[in-house]
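K.L.:
This is start15.pdb (PDB, C-alpha atoms).
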```pdb
ATOM      1  CA  MET A   1       1.824  -3.070 -13.618
ATOM      2  CA  ARG A   2      -0.186  -3.708 -10.464
ATOM      3  CA  LEU A   3       1.025  -2.943  -6.938
ATOM      4  CA  LEU A   4      -0.693  -4.310  -3.837
ATOM      5  CA  GLY A   5      -0.488  -2.480  -0.525
ATOM      6  CA  LEU A   6      -1.123  -4.235   2.791
ATOM      7  CA  ALA A   7      -1.924  -2.004   5.769
ATOM      8  CA  CYS A   8      -1.386  -3.873   9.025
ATOM      9  CA  GLY A   9      -2.373  -1.272  11.622
ATOM     10  CA  GLN A  10      -5.394   0.788  12.600
ATOM     11  CA  GLN A  11      -7.454   2.444   9.920
ATOM     12  CA  ASP A  12      -5.969   5.909   9.297
ATOM     13  CA  GLY A  13      -3.185   5.123  11.756
ATOM     14  CA  SER A  14       0.466   5.926  11.192
ATOM     15  CA  ALA A  15       1.273   2.733   9.263
ATOM     16  CA  GLU A  16      -1.632   3.328   6.902
ATOM     17  CA  VAL A  17      -0.735   6.993   6.416
ATOM     18  CA  LEU A  18       2.757   6.032   5.264
ATOM     19  CA  LEU A  19       1.435   3.221   3.070
ATOM     20  CA  LYS A  20      -0.951   5.601   1.318
ATOM     21  CA  ALA A  21       1.921   8.023   0.742
ATOM     22  CA  ALA A  22       3.972   5.228  -0.817
ATOM     23  CA  LEU A  23       1.108   4.019  -3.005
ATOM     24  CA  THR A  24       0.336   7.560  -4.153
ATOM     25  CA  ALA A  25       3.946   7.993  -5.218
ATOM     26  CA  ALA A  26       3.802   4.651  -7.050
ATOM     27  CA  SER A  27       0.644   5.706  -8.879
ATOM     28  CA  ARG A  28       2.470   8.801 -10.135
ATOM     29  CA  GLU A  29       4.859   6.392 -11.859
ATOM     30  CA  GLY A  30       1.906   4.994 -13.829
ATOM     31  CA  THR A  31       1.320   1.985 -11.579
ATOM     32  CA  ALA A  32      -2.136   0.650 -10.738
ATOM     33  CA  VAL A  33      -2.361   0.451  -6.952
ATOM     34  CA  GLU A  34      -4.726  -1.290  -4.559
ATOM     35  CA  MET A  35      -4.779  -1.392  -0.762
ATOM     36  CA  VAL A  36      -5.951  -4.168   1.550
ATOM     37  CA  ARG A  37      -6.366  -3.764   5.307
ATOM     38  CA  LEU A  38      -5.224  -6.682   7.412
ATOM     39  CA  THR A  39      -8.018  -5.903   9.869
ATOM     40  CA  ASP A  40     -10.576  -6.557   7.105
ATOM     41  CA  LEU A  41      -9.345 -10.116   6.562
ATOM     42  CA  SER A  42     -10.877 -13.064   8.363
ATOM     43  CA  LEU A  43      -8.116 -15.425   9.485
ATOM     44  CA  VAL A  44      -8.253 -18.613  11.491
ATOM     45  CA  THR A  45      -5.540 -20.579  13.246
ATOM     46  CA  ALA A  46      -4.137 -23.789  11.807
ATOM     47  CA  ALA A  47      -6.145 -25.747  14.391
ATOM     48  CA  THR A  48      -9.371 -24.509  12.782
ATOM     49  CA  SER A  49      -8.139 -24.218   9.193
ATOM     50  CA  ASP A  50     -11.017 -26.335   7.902
ATOM     51  CA  ALA A  51     -13.318 -23.431   8.756
ATOM     52  CA  GLY A  52     -11.957 -21.414   5.834
ATOM     53  CA  ASP A  53     -10.733 -17.829   5.852
ATOM     54  CA  ASP A  54      -9.388 -15.060   3.598
ATOM     55  CA  ALA A  55      -5.798 -16.309   3.422
ATOM     56  CA  ALA A  56      -6.272 -17.988   0.040
ATOM     57  CA  TRP A  57      -7.984 -14.861  -1.299
ATOM     58  CA  PHE A  58      -5.071 -12.677  -0.220
ATOM     59  CA  CYS A  59      -2.569 -15.099  -1.709
ATOM     60  CA  ASP A  60      -4.455 -14.925  -5.013
ATOM     61  CA  GLN A  61      -4.365 -11.116  -4.941
ATOM     62  CA  LEU A  62      -0.625 -11.179  -4.334
ATOM     63  CA  LEU A  63       0.011 -13.675  -7.126
ATOM     64  CA  ASP A  64      -1.901 -11.410  -9.514
ATOM     65  CA  ALA A  65       0.228  -8.416  -8.466
ATOM     66  CA  ASP A  66       3.671  -7.422  -9.691
ATOM     67  CA  GLY A  67       4.734  -6.130  -6.300
ATOM     68  CA  VAL A  68       3.673  -5.431  -2.750
ATOM     69  CA  ILE A  69       4.260  -2.769  -0.118
ATOM     70  CA  VAL A  70       3.554  -3.812   3.456
ATOM     71  CA  SER A  71       3.290  -1.219   6.209
ATOM     72  CA  SER A  72       3.126  -2.490   9.760
ATOM     73  CA  PRO A  73       3.044  -1.037  13.252
ATOM     74  CA  THR A  74       5.331  -2.513  15.877
ATOM     75  CA  TYR A  75       3.746  -4.325  18.819
ATOM     76  CA  THR A  76       6.057  -5.689  21.518
ATOM     77  CA  ARG A  77       9.019  -5.059  19.217
ATOM     78  CA  SER A  78       7.521  -7.092  16.353
ATOM     79  CA  ALA A  79       4.753  -7.132  13.770
ATOM     80  CA  PRO A  80       1.120  -7.780  14.793
ATOM     81  CA  GLY A  81       0.201 -11.388  15.428
ATOM     82  CA  ALA A  82      -2.434 -11.240  12.678
ATOM     83  CA  LEU A  83       0.291 -10.569  10.107
ATOM     84  CA  LYS A  84       2.315 -13.534  11.322
ATOM     85  CA  LEU A  85      -0.840 -15.654  11.075
ATOM     86  CA  LEU A  86      -1.463 -14.436   7.519
ATOM     87  CA  ILE A  87       2.087 -15.375   6.535
ATOM     88  CA  ASP A  88       1.632 -18.830   8.065
ATOM     89  CA  ARG A  89      -1.753 -19.345   6.392
ATOM     90  CA  ALA A  90      -1.127 -17.858   2.951
ATOM     91  CA  PHE A  91       2.423 -18.961   2.264
ATOM     92  CA  GLY A  92       4.295 -22.229   2.143
ATOM     93  CA  PRO A  93       5.329 -24.732  -0.579
ATOM     94  CA  ARG A  94       2.526 -23.628  -2.912
ATOM     95  CA  THR A  95       4.021 -20.127  -3.045
ATOM     96  CA  ASP A  96       7.670 -21.179  -2.930
ATOM     97  CA  VAL A  97       9.486 -20.509  -6.201
ATOM     98  CA  VAL A  98      11.798 -23.511  -5.820
ATOM     99  CA  PHE A  99       8.963 -25.954  -5.084
ATOM    100  CA  VAL A 100       6.721 -24.645  -7.849
ATOM    101  CA  ARG A 101       9.490 -24.516 -10.464
ATOM    102  CA  GLU A 102      10.370 -28.154  -9.757
ATOM    103  CA  ALA A 103       6.715 -29.220  -9.734
ATOM    104  CA  LEU A 104       6.068 -27.563 -13.093
ATOM    105  CA  ALA A 105       9.188 -29.181 -14.554
ATOM    106  CA  ARG A 106       8.016 -32.616 -13.447
ATOM    107  CA  ARG A 107       4.546 -31.998 -14.850
ATOM    108  CA  ASP A 108       5.965 -30.816 -18.180
ATOM    109  CA  HIS A 109       8.087 -33.952 -18.405
ATOM    110  CA  GLY A 110       5.031 -36.167 -18.019
ATOM    111  CA  ARG A 111       5.313 -37.053 -14.349
ATOM    112  CA  ALA A 112       1.677 -37.741 -13.482
ATOM    113  CA  GLU A 113       0.537 -36.244 -10.225
ATOM    114  CA  GLN A 114      -1.131 -39.511  -9.182
ATOM    115  CA  GLU A 115       2.306 -41.112  -9.017
ATOM    116  CA  GLU A 116       2.894 -39.119  -5.839
ATOM    117  CA  PRO A 117       0.298 -39.651  -3.054
ATOM    118  CA  CYS A 118       0.672 -36.088  -1.764
ATOM    119  CA  GLY A 119       0.756 -34.488  -5.203
ATOM    120  CA  LEU A 120       3.750 -33.053  -6.990
ATOM    121  CA  LEU A 121       6.462 -32.541  -4.378
ATOM    122  CA  GLY A 122       3.837 -32.543  -1.652
ATOM    123  CA  LEU A 123       1.941 -29.500  -2.972
ATOM    124  CA  ASP A 124      -1.684 -29.590  -1.834
ATOM    125  CA  THR A 125      -2.817 -27.788  -5.018
ATOM    126  CA  ALA A 126      -1.733 -27.746  -8.649
ATOM    127  CA  PRO A 127       1.444 -25.673  -9.133
ATOM    128  CA  ASP A 128       0.565 -22.083 -10.039
ATOM    129  CA  PRO A 129       2.819 -20.533 -12.738
ATOM    130  CA  ARG A 130       2.079 -17.055 -11.344
ATOM    131  CA  VAL A 131       4.431 -17.866  -8.464
ATOM    132  CA  LEU A 132       7.382 -17.570 -10.861
ATOM    133  CA  LYS A 133       6.556 -14.013 -11.950
ATOM    134  CA  PRO A 134       9.234 -11.507 -10.868
ATOM    135  CA  ARG A 135       7.977  -9.375  -7.979
ATOM    136  CA  VAL A 136       9.267  -6.429  -6.015
ATOM    137  CA  ALA A 137       8.559  -5.567  -2.380
ATOM    138  CA  GLY A 138       8.813  -2.547  -0.129
ATOM    139  CA  PHE A 139       8.477  -2.655   3.654
ATOM    140  CA  ILE A 140       7.557   0.014   6.195
ATOM    141  CA  ALA A 141       7.895  -0.570   9.942
ATOM    142  CA  VAL A 142       6.359   2.021  12.244
ATOM    143  CA  GLY A 143       6.996   2.421  15.948
ATOM    144  CA  GLY A 144       8.955   0.481  18.497
ATOM    145  CA  CYS A 145      11.445   1.438  21.151
ATOM    146  CA  PRO A 146      13.321   4.659  20.299
ATOM    147  CA  SER A 147      16.252   3.643  22.503
ATOM    148  CA  PRO A 148      19.429   2.801  20.534
ATOM    149  CA  HIS A 149      19.923  -0.177  22.843
ATOM    150  CA  TRP A 150      16.908  -2.008  21.399
ATOM    151  CA  ARG A 151      15.983  -3.139  17.911
ATOM    152  CA  THR A 152      12.571  -4.220  16.701
ATOM    153  CA  LEU A 153      11.912  -7.402  14.718
ATOM    154  CA  THR A 154       9.220  -5.956  12.475
ATOM    155  CA  LEU A 155      11.282  -5.698   9.290
ATOM    156  CA  PRO A 156      12.693  -9.250   9.604
ATOM    157  CA  THR A 157       9.124 -10.515  10.021
ATOM    158  CA  LEU A 158       8.066  -8.729   6.847
ATOM    159  CA  LEU A 159      10.948 -10.346   4.986
ATOM    160  CA  ALA A 160       9.348 -13.736   5.714
ATOM    161  CA  LEU A 161       6.556 -12.692   3.365
ATOM    162  CA  ALA A 162       8.977 -11.957   0.516
ATOM    163  CA  PHE A 163      11.265 -14.956   0.922
ATOM    164  CA  PRO A 164       9.249 -17.842  -0.634
ATOM    165  CA  LEU A 165       8.300 -15.783  -3.703
ATOM    166  CA  HIS A 166      11.892 -14.562  -4.173
ATOM    167  CA  MET A 167      10.703 -10.970  -4.169
ATOM    168  CA  ALA A 168      13.431  -8.369  -4.502
ATOM    169  CA  VAL A 169      13.150  -5.834  -1.681
ATOM    170  CA  ALA A 170      13.590  -2.520  -3.481
ATOM    171  CA  ASP A 171      13.452  -0.471  -0.279
ATOM    172  CA  GLN A 172      12.537  -0.663   3.391
ATOM    173  CA  MET A 173      12.211   1.892   6.143
ATOM    174  CA  GLU A 174      11.794   2.006   9.886
ATOM    175  CA  VAL A 175      10.453   5.078  11.673
ATOM    176  CA  PRO A 176       9.321   5.792  15.251
ATOM    177  CA  THR A 177       5.751   6.941  15.810
ATOM    178  CA  PRO A 178       5.310  10.554  16.988
ATOM    179  CA  GLY A 179       2.226   9.385  18.879
ATOM    180  CA  GLY A 180      -1.493   9.662  18.340
ATOM    181  CA  LEU A 181      -3.713   8.212  15.637
ATOM    182  CA  GLY A 182      -2.219   9.213  12.300
ATOM    183  CA  GLY A 183       0.469  11.176  14.108
ATOM    184  CA  ILE A 184       3.101  10.220  11.556
ATOM    185  CA  ALA A 185       1.463  12.713   9.183
ATOM    186  CA  THR A 186       3.017  15.463  11.284
ATOM    187  CA  ASP A 187       6.473  14.127  10.372
ATOM    188  CA  PRO A 188       7.073  15.370   6.805
ATOM    189  CA  ALA A 189      10.432  13.607   6.616
ATOM    190  CA  ALA A 190       8.774  10.232   7.233
ATOM    191  CA  VAL A 191       6.077  10.904   4.631
ATOM    192  CA  THR A 192       8.689  11.974   2.083
ATOM    193  CA  ARG A 193      10.700   8.848   2.852
ATOM    194  CA  ALA A 194       7.612   6.677   2.262
ATOM    195  CA  GLU A 195       6.995   8.424  -1.053
ATOM    196  CA  ARG A 196      10.555   7.657  -2.089
ATOM    197  CA  LEU A 197      10.014   4.005  -1.163
ATOM    198  CA  GLY A 198       6.840   3.821  -3.239
ATOM    199  CA  GLY A 199       8.596   5.300  -6.260
ATOM    200  CA  ALA A 200      11.527   2.907  -5.891
ATOM    201  CA  VAL A 201       9.215  -0.106  -5.843
ATOM    202  CA  ALA A 202       7.139   1.123  -8.793
ATOM    203  CA  ARG A 203      10.157   1.705 -11.015
ATOM    204  CA  GLN A 204      11.304  -1.908 -10.635
ATOM    205  CA  LEU A 205       7.967  -3.617 -11.261
ATOM    206  CA  GLY A 206       8.079  -6.089 -14.123
ATOM    207  CA  LEU A 207      11.849  -6.164 -14.421
ATOM    208  CA  PRO A 208      13.441  -9.615 -14.782
ATOM    209  CA  HIS A 209      15.115 -11.004 -11.687
ATOM    210  CA  GLU A 210      18.623 -10.271 -12.869
ATOM    211  CA  SER A 211      17.809  -6.605 -13.628
ATOM    212  CA  ARG A 212      16.336  -5.663 -10.265
ATOM    213  CA  THR A 213      18.169  -3.792  -7.560
ATOM    214  CA  THR A 214      17.781  -4.868  -3.943
ATOM    215  CA  ILE A 215      18.610  -2.914  -0.808
ATOM    216  CA  PRO A 216      22.093  -3.491   0.647
TER     217      PRO A 216
END
```
Would it be possible to restate this file's structure as structure tokens?
P.N.:
Amino acid sequence: MRLLGLACGQQDGSAEVLLKAALTAASREGTAVEMVRLTDLSLVTAATSDAGDDAAWFCDQLLDADGVIVSSPTYTRSAPGALKLLIDRAFGPRTDVVFVREALARRDHGRAEQEEPCGLLGLDTAPDPRVLKPRVAGFIAVGGCPSPHWRTLTLPTLLALAFPLHMAVADQMEVPTPGGLGGIATDPAAVTRAERLGGAVARQLGLPHESRTTIP
């Protein structure tokens, strides 16, 4: 089983510290883990999409994986803009289980792609069977307003990444930042919680859809 981790904050910052804790716990379950930093990806806006970027590469890495853990800081009560851009660039009909399942069914029943000017069901590439593989996700949101009168939108934004691929969210957590680069490491409860999340994701990798457990 292969688990992909996406760190969306500063290198060695709080979000990355918790992600590494989660991935370490997953590796103890016998899972192969790999981490990608969002800041290392080159992304362009839709207006300049012909310039090419790393969105397709990331999508390919995710399709090869059996699960993903995303750890994100909270900026202005939401996830970083670069993460929203990655979701917009990397996901869509080509990574939507419903679209791909229907496209593959039409292809298997002899419906030639040239019969549809925009390709099967409007997909801009051939349907990728890897989209249908069961996947599990875990989400970590770091920071935001500690006041009980406010809620951040970081976790809902992360769910947009899981939705098209029908990933079961095994666990998610939200924790305020103690402050300072990597300051979350001084909060043992948060680190322990991240380790529990990583173990929960790892133990559900590869299970069929009907056997997985999602968070309430």
K.L.:
Find, counting only C-alpha atoms, the residue in A:Val169, A:Leu6, A:Ala202, A:Ala141 that gets nearest to Arg77 of chain A.
P.N.:
A:Ala141
K.L.:
Identify, on the basis of only C-alpha atoms, every residue whose closest approach to segment 189-195 of chain A does not exceed 6 Å; exclude the query and any residue fewer than 6 positions from it along the same chain; express the result as a ChimeraX atom specification.
P.N.:
/A:18,21-22,25
K.L.:
Atom CA of Val98 of chain A and atom CA of Phe163 of chain A are how many Å apart?
P.N.:
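Atom CA of Phe163 of chain A lies 10.9 Å from atom CA of Val98 of chain A.
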K.L.:
Which is closer to Lys133 of chain A than all the others in A:Pro156, A:Pro93, A:Pro208, A:Pro164, using only C-alpha atoms?
P.N.:
A:Pro208
K.L.:
Write out as a list in words each polymer residue whose atoms come within 7 Å of Ala32 of chain A, counting only C-alpha atoms; drop sequence neighbours fewer than 3 positions from it.
P.N.:
Met1, Arg2, Leu3 and Ser27 of chain A
K.L.:
Which of these, A:Arg196, A:Leu23, A:Val201, A:Leu38, has the shortest distance to Gly81 of chain A once you count all atoms listed in the file?
P.N.:
A:Leu38
K.L.:
In terms of the shortest atom-to-atom distance over all atoms listed in the file, which of A:Asp60, A:Asp108, A:Glu34, A:Glu29 is closest to Leu205 of chain A?
P.N.:
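Of A:Asp60, A:Asp108, A:Glu34, A:Glu29, the one nearest Leu205 of chain A, counting all atoms listed in the file, is A:Glu29.
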K.L.:
Please compute the atom CA of Thr152 of chain A-atom CA of Asp171 of chain A distance, one decimal, in Å.
P.N.:
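Pair atom CA of Thr152 of chain A / atom CA of Asp171 of chain A returns 17.4 Å.
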K.L.:
Run the PyMOL selection byres ((chain A and resi 172) around 9) mentally over the shown coordinates, then write out the matched residues as a list in words, using the chain letters and numbers from the document.
P.N.:
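With the shown file as input, the PyMOL selection byres ((chain A and resi 172) around 9) matches Ala137, Gly138, Phe139, Ile140, Ala141, Leu155, Val169, Ala170, Asp171, Met173, Glu174, Ala194, Leu197 and Ile215 of chain A.
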K.L.:
How many Å lie between atom CA of Gly30 of chain A and atom CA of Met167 of chain A, rounded to one decimal?
P.N.:
20.6 Å
K.L.:
Pull the neighbourhood of (-7.0, 0.7, 9.7) for me: all residues within 12 Å in file coordinates, counting only C-alpha atoms, as a list of chain:residue names.
P.N.:
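Answer for this query, in the requested form: A:Leu6, A:Ala7, A:Cys8, A:Gly9, A:Gln10, A:Gln11, A:Asp12, A:Gly13, A:Ser14, A:Ala15, A:Glu16, A:Val17, A:Leu18, A:Leu19, A:Lys20, A:Met35, A:Val36, A:Arg37, A:Leu38, A:Thr39, A:Asp40, A:Leu41, A:Ser71, A:Ser72, A:Pro73, A:Leu181, A:Gly182.
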K.L.:
From the options A:Leu85, A:Val136, A:Ala200, A:Leu104, which residue's atoms come nearest to Thr157 of chain A, counting all atoms listed in the file?
P.N.:
A:Leu85
K.L.:
For each of A:Pro176, A:Gly206, A:Gly143, A:Gly5, take the minimum atom-to-atom distance to Thr76 of chain A, counting only C-alpha atoms, then give the residue where this is smallest.
P.N.:
A:Gly143
K.L.:
What's the 10 Å shell around Asp128 of chain A, counting all atoms listed in the file, without same-chain residues fewer than 4 positions away, as a ChimeraX atom specification?
P.N.:
/A:63,94-95,97,100-101,103-104,132
